[in-house]
Amino acid sequence: MDWTNWAGLAAGLLISTVTAPVGVSGAVFLLPVQLSILGVPSPAVTPTNLLFNVVAGPGALWRYRHDGALRDGLARRLVLWTLPGVIAGAAVRVFALPGQNLFRTLVAALLLPLGVWLCLRTLHPARQHPDAAEPSAPALAALALAVGVVGGIYGIGGGSLLGPVLAARGMSMARIAPATLAATFTTSVAGAAAYAMLALASSGPVAPDWWLGLACGLGGLIGGYLGARLQRHLPETALRLLLGTLAAALGALYAVQALPQGCCKFF
């Protein structure tokens, strides 16, 4: 392997170890690494990220299944609605690509305030009714479908968006993490297959960087297992603060990247 594959393996290992305990595959944080450091062209970076999710996902999922955390019906409901969204998102990415700045602005507008609010609410919790924690069936379906479309367009899996929203509703991280990772894995398999088919109808760089995606995924496979094993040893407050911090940091990163080119030199 050349240096980019080794760097991808190390990045996948480090990112997944940190993000798996809170139900995030890490692809959303791997995306800027692939674009800025490893030089993966667009739109090939999206299916490469999906390939990372496919290879990395079983590590954390096997550990969560071993612990009995996947018996909750939440995972099935998320998979049911994110799956059609990711296929639609893949088609949009190839044939009607929206601008990168629009995506960055939308993600920043969602995750930055949500992450800050989640941290503040964790430090100063309000009283909640247990039966009001999980969104209603229609709201959960709409959320999962929208996240699936975004995941299909940008290859970010969806856990980084689903996790903070569900955590903000008051759901426990023990329920959220396995369910969002299961949805991310399933939709990534469908998204990667969709891109493989769409590559036949497009002359651009639509196919994934196979070797890099496999290298990142191998690192993520190991890191995801380690992160999932660590989760039950971490307190709920620490997990919620970690998820809120990751969401806010990602939102801030995309907010800076969405600024006009001349402004970015100050950051």
# chains A, B, ... in the order shown; residues from 1 in each chain; ligands from 1

$ residues_around --residues "Gly159 (chain A)" --least-positions-apart "4" --cutoff "7 Å" --atoms "only C-alpha atoms" --output "PDB file with all heavy atoms, in the first residue's frame"
ATOM      1  N   GLY A  23     -22.709   6.300  18.308  1.00  0.00           N
ATOM      2  CA  GLY A  23     -23.537   5.926  17.172  1.00  0.00           C
ATOM      3  C   GLY A  23     -23.207   6.614  15.867  1.00  0.00           C
ATOM      4  O   GLY A  23     -24.036   6.657  14.962  1.00  0.00           O
ATOM      5  N   VAL A  24     -22.006   7.144  15.737  1.00  0.00           N
ATOM      6  CA  VAL A  24     -21.577   7.819  14.510  1.00  0.00           C
ATOM      7  C   VAL A  24     -20.489   6.967  13.859  1.00  0.00           C
ATOM      8  O   VAL A  24     -19.515   6.599  14.521  1.00  0.00           O
ATOM      9  CB  VAL A  24     -21.046   9.232  14.804  1.00  0.00           C
ATOM     10  CG1 VAL A  24     -20.554   9.911  13.532  1.00  0.00           C
ATOM     11  CG2 VAL A  24     -22.127  10.066  15.475  1.00  0.00           C
ATOM     12  N   SER A  25     -20.642   6.666  12.583  1.00  0.00           N
ATOM     13  CA  SER A  25     -19.671   5.802  11.910  1.00  0.00           C
ATOM     14  C   SER A  25     -18.311   6.474  11.766  1.00  0.00           C
ATOM     15  O   SER A  25     -17.288   5.816  11.694  1.00  0.00           O
ATOM     16  CB  SER A  25     -20.187   5.411  10.522  1.00  0.00           C
ATOM     17  OG  SER A  25     -20.149   6.527   9.639  1.00  0.00           O
ATOM     18  N   GLY A 163     -28.103  10.970  15.439  1.00  0.00           N
ATOM     19  CA  GLY A 163     -27.699  10.862  16.837  1.00  0.00           C
ATOM     20  C   GLY A 163     -27.991  12.106  17.661  1.00  0.00           C
ATOM     21  O   GLY A 163     -28.680  12.024  18.692  1.00  0.00           O
ATOM     22  N   THR A 180     -28.507   3.897  15.242  1.00  0.00           N
ATOM     23  CA  THR A 180     -28.009   4.775  14.184  1.00  0.00           C
ATOM     24  C   THR A 180     -26.886   4.111  13.396  1.00  0.00           C
ATOM     25  O   THR A 180     -26.779   4.306  12.185  1.00  0.00           O
ATOM     26  CB  THR A 180     -27.533   6.113  14.770  1.00  0.00           C
ATOM     27  OG1 THR A 180     -26.554   5.874  15.798  1.00  0.00           O
ATOM     28  CG2 THR A 180     -28.684   6.898  15.346  1.00  0.00           C
ATOM     29  N   LEU A 181     -26.060   3.301  14.063  1.00  0.00           N
ATOM     30  CA  LEU A 181     -25.008   2.592  13.332  1.00  0.00           C
ATOM     31  C   LEU A 181     -25.596   1.520  12.414  1.00  0.00           C
ATOM     32  O   LEU A 181     -25.097   1.301  11.306  1.00  0.00           O
ATOM     33  CB  LEU A 181     -24.023   1.961  14.313  1.00  0.00           C
ATOM     34  CG  LEU A 181     -23.007   2.918  14.941  1.00  0.00           C
ATOM     35  CD1 LEU A 181     -22.186   2.208  16.008  1.00  0.00           C
ATOM     36  CD2 LEU A 181     -22.083   3.521  13.889  1.00  0.00           C
ATOM     37  N   THR A 184     -26.913   3.371   9.438  1.00  0.00           N
ATOM     38  CA  THR A 184     -25.795   3.830   8.620  1.00  0.00           C
ATOM     39  C   THR A 184     -25.226   2.688   7.791  1.00  0.00           C
ATOM     40  O   THR A 184     -24.963   2.843   6.591  1.00  0.00           O
ATOM     41  CB  THR A 184     -24.690   4.423   9.515  1.00  0.00           C
ATOM     42  OG1 THR A 184     -25.175   5.618  10.129  1.00  0.00           O
ATOM     43  CG2 THR A 184     -23.446   4.755   8.701  1.00  0.00           C
TER      44      THR A 184
END

$ closest_residue --among "A:Leu198, A:Leu214, A:Leu110, A:Leu259" --to "Val165 (chain A)" --atoms "only C-alpha atoms"
A:Leu110

$ atom_distance --atom1 "CA of Ala183 (chain A)" --atom2 "CA of Pro58 (chain A)"
11.9 Å

$ closest_atom_pairs --of "region 128-238 of chain A" --to "region 86-91 of chain A" --cutoff "12 Å" --atoms "only C-alpha atoms" --output "CSV"
residue,atom,partner,partner_atom,distance
A:Ala144,CA,A:Val86,CA,9.9
A:Leu145,CA,A:Val86,CA,8.0
A:Ala146,CA,A:Val86,CA,8.8
A:Val147,CA,A:Val86,CA,8.0
A:Gly148,CA,A:Val86,CA,4.4
A:Val149,CA,A:Gly89,CA,4.2
A:Val150,CA,A:Gly89,CA,6.2
A:Gly151,CA,A:Val86,CA,5.9
A:Gly152,CA,A:Val86,CA,4.0
A:Ile153,CA,A:Gly89,CA,4.5
A:Tyr154,CA,A:Gly89,CA,8.1
A:Gly155,CA,A:Ala90,CA,8.7
A:Ile156,CA,A:Val86,CA,10.3
A:Gly157,CA,A:Val86,CA,8.8
A:Gly158,CA,A:Val86,CA,9.5
A:Ala183,CA,A:Val86,CA,10.5
A:Thr184,CA,A:Val86,CA,9.8
A:Phe185,CA,A:Val86,CA,11.3
A:Thr186,CA,A:Val86,CA,9.8
A:Thr187,CA,A:Val86,CA,6.1
A:Ser188,CA,A:Val86,CA,7.8
A:Val189,CA,A:Val86,CA,9.7
A:Ala190,CA,A:Ile87,CA,6.7
A:Gly191,CA,A:Ile87,CA,5.7
A:Ala192,CA,A:Ala90,CA,8.7
A:Ala193,CA,A:Ile87,CA,9.0
A:Ala194,CA,A:Ile87,CA,6.3
A:Tyr195,CA,A:Ala90,CA,6.5
A:Ala196,CA,A:Ala90,CA,10.2
A:Met197,CA,A:Ala91,CA,10.2
A:Leu198,CA,A:Ala91,CA,7.5
A:Ala199,CA,A:Ala91,CA,10.6
A:Ala201,CA,A:Ala91,CA,10.9
A:Ser202,CA,A:Ala91,CA,11.1
A:Val206,CA,A:Ala90,CA,10.3
A:Ala207,CA,A:Ala90,CA,11.9

$ closest_residue --among "A:Tyr64, A:Trp3, A:Trp211, A:Trp117" --to "Arg232 (chain A)" --atoms "only C-alpha atoms"
A:Tyr64

$ select_by_dssp --residues "region 32-125 of chain A" --states "alpha helix (DSSP H)" --output "JSON list (two decimals) with N, CA and C atoms, in the first residue's frame"
[["chain", "number", "residue", "atom", "x", "y", "z"],
["A", 32, "PRO", "N", -13.73, 15.27, 5.08],
["A", 32, "PRO", "CA", -12.75, 16.32, 4.82],
["A", 32, "PRO", "C", -11.33, 15.82, 4.75],
["A", 33, "VAL", "N", -11.02, 14.71, 5.44],
["A", 33, "VAL", "CA", -9.67, 14.12, 5.35],
["A", 33, "VAL", "C", -9.43, 13.60, 3.94],
["A", 34, "GLN", "N", -10.43, 12.94, 3.37],
["A", 34, "GLN", "CA", -10.29, 12.43, 2.01],
["A", 34, "GLN", "C", -10.15, 13.55, 0.99],
["A", 35, "LEU", "N", -10.94, 14.60, 1.17],
["A", 35, "LEU", "CA", -10.91, 15.70, 0.21],
["A", 35, "LEU", "C", -9.63, 16.53, 0.32],
["A", 36, "SER", "N", -9.24, 16.89, 1.54],
["A", 36, "SER", "CA", -8.17, 17.86, 1.75],
["A", 36, "SER", "C", -6.78, 17.24, 1.84],
["A", 45, "VAL", "N", -15.55, 10.79, -3.92],
["A", 45, "VAL", "CA", -15.36, 10.77, -2.48],
["A", 45, "VAL", "C", -16.61, 10.24, -1.77],
["A", 46, "THR", "N", -17.78, 10.45, -2.34],
["A", 46, "THR", "CA", -19.01, 10.00, -1.70],
["A", 46, "THR", "C", -19.10, 8.47, -1.66],
["A", 47, "PRO", "N", -18.98, 7.75, -2.80],
["A", 47, "PRO", "CA", -19.02, 6.29, -2.72],
["A", 47, "PRO", "C", -17.83, 5.71, -1.95],
["A", 48, "THR", "N", -16.67, 6.41, -1.94],
["A", 48, "THR", "CA", -15.54, 5.94, -1.13],
["A", 48, "THR", "C", -15.89, 6.00, 0.34],
["A", 49, "ASN", "N", -16.58, 7.05, 0.74],
["A", 49, "ASN", "CA", -17.03, 7.16, 2.12],
["A", 49, "ASN", "C", -18.06, 6.08, 2.45],
["A", 50, "LEU", "N", -18.96, 5.79, 1.52],
["A", 50, "LEU", "CA", -19.94, 4.73, 1.73],
["A", 50, "LEU", "C", -19.25, 3.37, 1.84],
["A", 51, "LEU", "N", -18.20, 3.16, 1.04],
["A", 51, "LEU", "CA", -17.43, 1.91, 1.13],
["A", 51, "LEU", "C", -16.78, 1.79, 2.50],
["A", 52, "PHE", "N", -16.29, 2.90, 3.03],
["A", 52, "PHE", "CA", -15.74, 2.89, 4.39],
["A", 52, "PHE", "C", -16.80, 2.42, 5.39],
["A", 53, "ASN", "N", -18.02, 2.94, 5.27],
["A", 53, "ASN", "CA", -19.09, 2.55, 6.19],
["A", 53, "ASN", "C", -19.40, 1.05, 6.08],
["A", 54, "VAL", "N", -19.39, 0.54, 4.85],
["A", 54, "VAL", "CA", -19.72, -0.88, 4.63],
["A", 54, "VAL", "C", -18.68, -1.78, 5.29],
["A", 55, "VAL", "N", -17.42, -1.44, 5.14],
["A", 55, "VAL", "CA", -16.35, -2.28, 5.70],
["A", 55, "VAL", "C", -16.22, -2.08, 7.20],
["A", 56, "ALA", "N", -16.36, -0.83, 7.66],
["A", 56, "ALA", "CA", -16.15, -0.52, 9.07],
["A", 56, "ALA", "C", -17.34, -0.91, 9.95],
["A", 57, "GLY", "N", -18.55, -0.84, 9.41],
["A", 57, "GLY", "CA", -19.76, -1.02, 10.21],
["A", 57, "GLY", "C", -19.84, -2.30, 11.01],
["A", 58, "PRO", "N", -19.50, -3.48, 10.45],
["A", 58, "PRO", "CA", -19.68, -4.73, 11.20],
["A", 58, "PRO", "C", -18.90, -4.81, 12.51],
["A", 59, "GLY", "N", -17.80, -4.07, 12.64],
["A", 59, "GLY", "CA", -17.03, -4.13, 13.88],
["A", 59, "GLY", "C", -17.84, -3.68, 15.07],
["A", 60, "ALA", "N", -18.39, -2.46, 15.00],
["A", 60, "ALA", "CA", -19.20, -1.94, 16.10],
["A", 60, "ALA", "C", -20.51, -2.72, 16.24],
["A", 61, "LEU", "N", -21.14, -3.07, 15.11],
["A", 61, "LEU", "CA", -22.42, -3.75, 15.17],
["A", 61, "LEU", "C", -22.30, -5.14, 15.80],
["A", 62, "TRP", "N", -21.21, -5.84, 15.50],
["A", 62, "TRP", "CA", -21.03, -7.16, 16.10],
["A", 62, "TRP", "C", -20.91, -7.03, 17.61],
["A", 63, "ARG", "N", -20.19, -6.00, 18.06],
["A", 63, "ARG", "CA", -20.02, -5.82, 19.49],
["A", 63, "ARG", "C", -21.35, -5.45, 20.16],
["A", 64, "TYR", "N", -22.12, -4.54, 19.52],
["A", 64, "TYR", "CA", -23.41, -4.16, 20.08],
["A", 64, "TYR", "C", -24.38, -5.35, 20.09],
["A", 65, "ARG", "N", -24.34, -6.15, 19.05],
["A", 65, "ARG", "CA", -25.20, -7.34, 19.01],
["A", 65, "ARG", "C", -24.81, -8.32, 20.11],
["A", 66, "HIS", "N", -23.52, -8.47, 20.31],
["A", 66, "HIS", "CA", -23.03, -9.36, 21.36],
["A", 66, "HIS", "C", -23.54, -8.91, 22.74],
["A", 74, "LEU", "N", -36.05, 0.26, 17.43],
["A", 74, "LEU", "CA", -35.67, 1.55, 16.86],
["A", 74, "LEU", "C", -34.77, 1.36, 15.64],
["A", 75, "ALA", "N", -33.84, 0.42, 15.68],
["A", 75, "ALA", "CA", -32.94, 0.18, 14.56],
["A", 75, "ALA", "C", -33.72, -0.21, 13.30],
["A", 76, "ARG", "N", -34.72, -1.07, 13.45],
["A", 76, "ARG", "CA", -35.53, -1.50, 12.29],
["A", 76, "ARG", "C", -36.30, -0.33, 11.69],
["A", 77, "ARG", "N", -36.84, 0.53, 12.55],
["A", 77, "ARG", "CA", -37.60, 1.66, 12.04],
["A", 77, "ARG", "C", -36.70, 2.65, 11.30],
["A", 78, "LEU", "N", -35.52, 2.88, 11.80],
["A", 78, "LEU", "CA", -34.60, 3.80, 11.12],
["A", 78, "LEU", "C", -34.15, 3.24, 9.78],
["A", 79, "VAL", "N", -33.84, 1.95, 9.76],
["A", 79, "VAL", "CA", -33.41, 1.32, 8.50],
["A", 79, "VAL", "C", -34.51, 1.38, 7.46],
["A", 80, "LEU", "N", -35.76, 1.12, 7.87],
["A", 80, "LEU", "CA", -36.89, 1.10, 6.94],
["A", 80, "LEU", "C", -37.02, 2.41, 6.16],
["A", 81, "TRP", "N", -36.76, 3.55, 6.82],
["A", 81, "TRP", "CA", -36.98, 4.84, 6.17],
["A", 81, "TRP", "C", -35.70, 5.47, 5.61],
["A", 82, "THR", "N", -34.54, 5.14, 6.15],
["A", 82, "THR", "CA", -33.32, 5.71, 5.57],
["A", 82, "THR", "C", -32.94, 5.02, 4.26],
["A", 83, "LEU", "N", -33.33, 3.77, 4.10],
["A", 83, "LEU", "CA", -32.94, 3.00, 2.92],
["A", 83, "LEU", "C", -33.43, 3.63, 1.61],
["A", 84, "PRO", "N", -34.73, 3.95, 1.45],
["A", 84, "PRO", "CA", -35.14, 4.59, 0.19],
["A", 84, "PRO", "C", -34.54, 5.97, 0.02],
["A", 85, "GLY", "N", -34.28, 6.67, 1.12],
["A", 85, "GLY", "CA", -33.69, 8.00, 1.02],
["A", 85, "GLY", "C", -32.29, 7.98, 0.45],
["A", 86, "VAL", "N", -31.48, 7.01, 0.84],
["A", 86, "VAL", "CA", -30.09, 6.99, 0.38],
["A", 86, "VAL", "C", -30.01, 6.66, -1.11],
["A", 87, "ILE", "N", -30.92, 5.85, -1.61],
["A", 87, "ILE", "CA", -30.93, 5.53, -3.04],
["A", 87, "ILE", "C", -31.31, 6.78, -3.84],
["A", 88, "ALA", "N", -32.31, 7.51, -3.36],
["A", 88, "ALA", "CA", -32.69, 8.77, -4.02],
["A", 88, "ALA", "C", -31.55, 9.78, -3.96],
["A", 89, "GLY", "N", -30.86, 9.84, -2.82],
["A", 89, "GLY", "CA", -29.76, 10.78, -2.67],
["A", 89, "GLY", "C", -28.61, 10.48, -3.62],
["A", 90, "ALA", "N", -28.33, 9.20, -3.86],
["A", 90, "ALA", "CA", -27.26, 8.83, -4.80],
["A", 90, "ALA", "C", -27.57, 9.34, -6.21],
["A", 91, "ALA", "N", -28.83, 9.20, -6.63],
["A", 91, "ALA", "CA", -29.22, 9.69, -7.96],
["A", 91, "ALA", "C", -29.08, 11.21, -8.04],
["A", 92, "VAL", "N", -29.48, 11.91, -6.99],
["A", 92, "VAL", "CA", -29.34, 13.37, -6.95],
["A", 92, "VAL", "C", -27.88, 13.77, -7.04],
["A", 93, "ARG", "N", -27.01, 13.04, -6.34],
["A", 93, "ARG", "CA", -25.58, 13.36, -6.31],
["A", 93, "ARG", "C", -24.95, 13.29, -7.70],
["A", 94, "VAL", "N", -25.35, 12.31, -8.47],
["A", 94, "VAL", "CA", -24.74, 12.10, -9.78],
["A", 94, "VAL", "C", -25.35, 12.98, -10.85],
["A", 95, "PHE", "N", -26.69, 13.14, -10.85],
["A", 95, "PHE", "CA", -27.36, 13.79, -11.96],
["A", 95, "PHE", "C", -27.83, 15.22, -11.66],
["A", 100, "GLN", "N", -21.66, 22.38, -3.01],
["A", 100, "GLN", "CA", -21.06, 21.99, -1.75],
["A", 100, "GLN", "C", -21.32, 23.03, -0.67],
["A", 101, "ASN", "N", -21.31, 24.31, -1.04],
["A", 101, "ASN", "CA", -21.52, 25.35, -0.03],
["A", 101, "ASN", "C", -22.92, 25.27, 0.58],
["A", 102, "LEU", "N", -23.92, 24.92, -0.24],
["A", 102, "LEU", "CA", -25.27, 24.77, 0.28],
["A", 102, "LEU", "C", -25.32, 23.66, 1.32],
["A", 103, "PHE", "N", -24.70, 22.53, 1.01],
["A", 103, "PHE", "CA", -24.64, 21.42, 1.95],
["A", 103, "PHE", "C", -23.95, 21.82, 3.24],
["A", 104, "ARG", "N", -22.80, 22.48, 3.12],
["A", 104, "ARG", "CA", -22.06, 22.87, 4.31],
["A", 104, "ARG", "C", -22.86, 23.85, 5.16],
["A", 105, "THR", "N", -23.55, 24.78, 4.52],
["A", 105, "THR", "CA", -24.34, 25.75, 5.25],
["A", 105, "THR", "C", -25.49, 25.08, 6.01],
["A", 106, "LEU", "N", -26.16, 24.14, 5.35],
["A", 106, "LEU", "CA", -27.28, 23.45, 5.98],
["A", 106, "LEU", "C", -26.81, 22.60, 7.16],
["A", 107, "VAL", "N", -25.69, 21.87, 6.97],
["A", 107, "VAL", "CA", -25.17, 21.04, 8.06],
["A", 107, "VAL", "C", -24.73, 21.91, 9.23],
["A", 108, "ALA", "N", -24.07, 23.03, 8.92],
["A", 108, "ALA", "CA", -23.62, 23.93, 9.99],
["A", 108, "ALA", "C", -24.81, 24.51, 10.75],
["A", 109, "ALA", "N", -25.86, 24.90, 10.00],
["A", 109, "ALA", "CA", -27.03, 25.49, 10.63],
["A", 109, "ALA", "C", -27.75, 24.48, 11.53],
["A", 110, "LEU", "N", -27.66, 23.19, 11.21],
["A", 110, "LEU", "CA", -28.30, 22.17, 12.03],
["A", 110, "LEU", "C", -27.42, 21.76, 13.21],
["A", 111, "LEU", "N", -26.18, 21.38, 12.92],
["A", 111, "LEU", "CA", -25.36, 20.73, 13.92],
["A", 111, "LEU", "C", -24.72, 21.69, 14.93],
["A", 112, "LEU", "N", -24.35, 22.88, 14.52],
["A", 112, "LEU", "CA", -23.68, 23.79, 15.45],
["A", 112, "LEU", "C", -24.59, 24.17, 16.62],
["A", 113, "PRO", "N", -25.78, 24.72, 16.38],
["A", 113, "PRO", "CA", -26.64, 25.03, 17.53],
["A", 113, "PRO", "C", -27.14, 23.79, 18.27],
["A", 114, "LEU", "N", -27.39, 22.69, 17.53],
["A", 114, "LEU", "CA", -27.87, 21.47, 18.16],
["A", 114, "LEU", "C", -26.81, 20.89, 19.09],
["A", 115, "GLY", "N", -25.54, 20.90, 18.64],
["A", 115, "GLY", "CA", -24.46, 20.39, 19.47],
["A", 115, "GLY", "C", -24.27, 21.21, 20.72],
["A", 116, "VAL", "N", -24.30, 22.54, 20.58],
["A", 116, "VAL", "CA", -24.15, 23.42, 21.75],
["A", 116, "VAL", "C", -25.31, 23.21, 22.71],
["A", 117, "TRP", "N", -26.53, 23.15, 22.17],
["A", 117, "TRP", "CA", -27.71, 22.95, 23.00],
["A", 117, "TRP", "C", -27.67, 21.61, 23.72],
["A", 118, "LEU", "N", -27.20, 20.56, 23.03],
["A", 118, "LEU", "CA", -27.13, 19.24, 23.64],
["A", 118, "LEU", "C", -26.14, 19.23, 24.81],
["A", 119, "CYS", "N", -25.01, 19.91, 24.64],
["A", 119, "CYS", "CA", -24.03, 20.01, 25.73],
["A", 119, "CYS", "C", -24.62, 20.76, 26.92],
["A", 120, "LEU", "N", -25.28, 21.88, 26.63],
["A", 120, "LEU", "CA", -25.86, 22.68, 27.72],
["A", 120, "LEU", "C", -26.96, 21.91, 28.43],
["A", 121, "ARG", "N", -27.78, 21.19, 27.66],
["A", 121, "ARG", "CA", -28.89, 20.44, 28.28],
["A", 121, "ARG", "C", -28.36, 19.26, 29.10],
["A", 122, "THR", "N", -27.23, 18.71, 28.66],
["A", 122, "THR", "CA", -26.63, 17.61, 29.42],
["A", 122, "THR", "C", -26.09, 18.11, 30.76],
["A", 123, "LEU", "N", -25.48, 19.29, 30.73],
["A", 123, "LEU", "CA", -24.92, 19.87, 31.95],
["A", 123, "LEU", "C", -26.01, 20.40, 32.87]]

$ closest_residue --among "A:Leu200, A:Ala249, A:Asp72, A:Ala27" --to "Leu13 (chain A)" --atoms "only C-alpha atoms"
A:Ala27

$ closest_residue --among "A:Ile176, A:Ala44, A:Ala11, A:Ala137" --to "Leu30 (chain A)" --atoms "only C-alpha atoms"
A:Ala11

$ residues_around --residues "Ala238 (chain A)" --least-positions-apart "3" --cutoff "12 Å" --atoms "only C-alpha atoms" --output "list in words"
Pro21, Val22, Leu118, Cys119, Thr122, Leu123, Ser172, Met173, Leu230, Gln231, Arg232, His233, Leu234, Pro235, Leu241, Leu242, Leu243, Gly244 and Thr245 of chain A

$ decode --residues "region 130-189 of chain A" --atoms "C-alpha atoms" --output "CSV table (one decimal), in the first residue's frame"
chain,number,residue,atom,x,y,z
A,130,PRO,CA,-40.1,9.0,29.6
A,131,ASP,CA,-42.9,8.5,27.0
A,132,ALA,CA,-42.1,11.7,25.2
A,133,ALA,CA,-38.5,10.9,24.5
A,134,GLU,CA,-38.9,9.0,21.2
A,135,PRO,CA,-40.3,11.0,18.3
A,136,SER,CA,-43.7,10.0,17.0
A,137,ALA,CA,-43.8,7.4,14.2
A,138,PRO,CA,-44.4,10.0,11.4
A,139,ALA,CA,-41.8,12.3,12.7
A,140,LEU,CA,-39.2,9.5,13.0
A,141,ALA,CA,-40.0,8.4,9.5
A,142,ALA,CA,-39.6,11.9,8.0
A,143,LEU,CA,-36.4,12.4,9.9
A,144,ALA,CA,-34.9,9.1,8.8
A,145,LEU,CA,-36.0,9.6,5.2
A,146,ALA,CA,-34.4,13.1,5.1
A,147,VAL,CA,-31.2,11.9,6.6
A,148,GLY,CA,-31.1,9.0,4.1
A,149,VAL,CA,-31.3,11.4,1.2
A,150,VAL,CA,-28.5,13.6,2.7
A,151,GLY,CA,-26.4,10.5,3.4
A,152,GLY,CA,-26.8,9.3,-0.2
A,153,ILE,CA,-25.8,12.6,-1.6
A,154,TYR,CA,-22.7,13.2,0.6
A,155,GLY,CA,-21.8,9.7,1.9
A,156,ILE,CA,-21.9,10.7,5.5
A,157,GLY,CA,-24.0,7.7,6.7
A,158,GLY,CA,-26.5,9.7,8.8
A,159,GLY,CA,-25.6,8.8,12.3
A,160,SER,CA,-23.9,12.2,12.8
A,161,LEU,CA,-27.3,13.8,12.1
A,162,LEU,CA,-29.7,11.2,13.6
A,163,GLY,CA,-27.7,10.9,16.8
A,164,PRO,CA,-27.8,14.5,18.0
A,165,VAL,CA,-31.5,14.9,17.1
A,166,LEU,CA,-32.5,11.8,19.0
A,167,ALA,CA,-30.3,12.6,21.9
A,168,ALA,CA,-31.8,16.0,22.1
A,169,ARG,CA,-35.2,14.3,22.5
A,170,GLY,CA,-33.9,12.7,25.7
A,171,MET,CA,-33.3,9.2,24.4
A,172,SER,CA,-30.4,7.3,26.0
A,173,MET,CA,-27.2,6.7,24.2
A,174,ALA,CA,-27.5,3.0,24.8
A,175,ARG,CA,-30.5,3.0,22.5
A,176,ILE,CA,-29.3,5.6,20.0
A,177,ALA,CA,-25.8,4.3,19.2
A,178,PRO,CA,-26.6,0.8,18.0
A,179,ALA,CA,-29.7,1.9,16.1
A,180,THR,CA,-28.0,4.8,14.2
A,181,LEU,CA,-25.0,2.6,13.3
A,182,ALA,CA,-27.3,-0.1,12.0
A,183,ALA,CA,-29.1,2.4,9.8
A,184,THR,CA,-25.8,3.8,8.6
A,185,PHE,CA,-24.5,0.4,7.7
A,186,THR,CA,-27.6,-0.7,5.8
A,187,THR,CA,-28.0,2.5,3.9
A,188,SER,CA,-24.3,2.5,3.0
A,189,VAL,CA,-24.6,-0.9,1.5
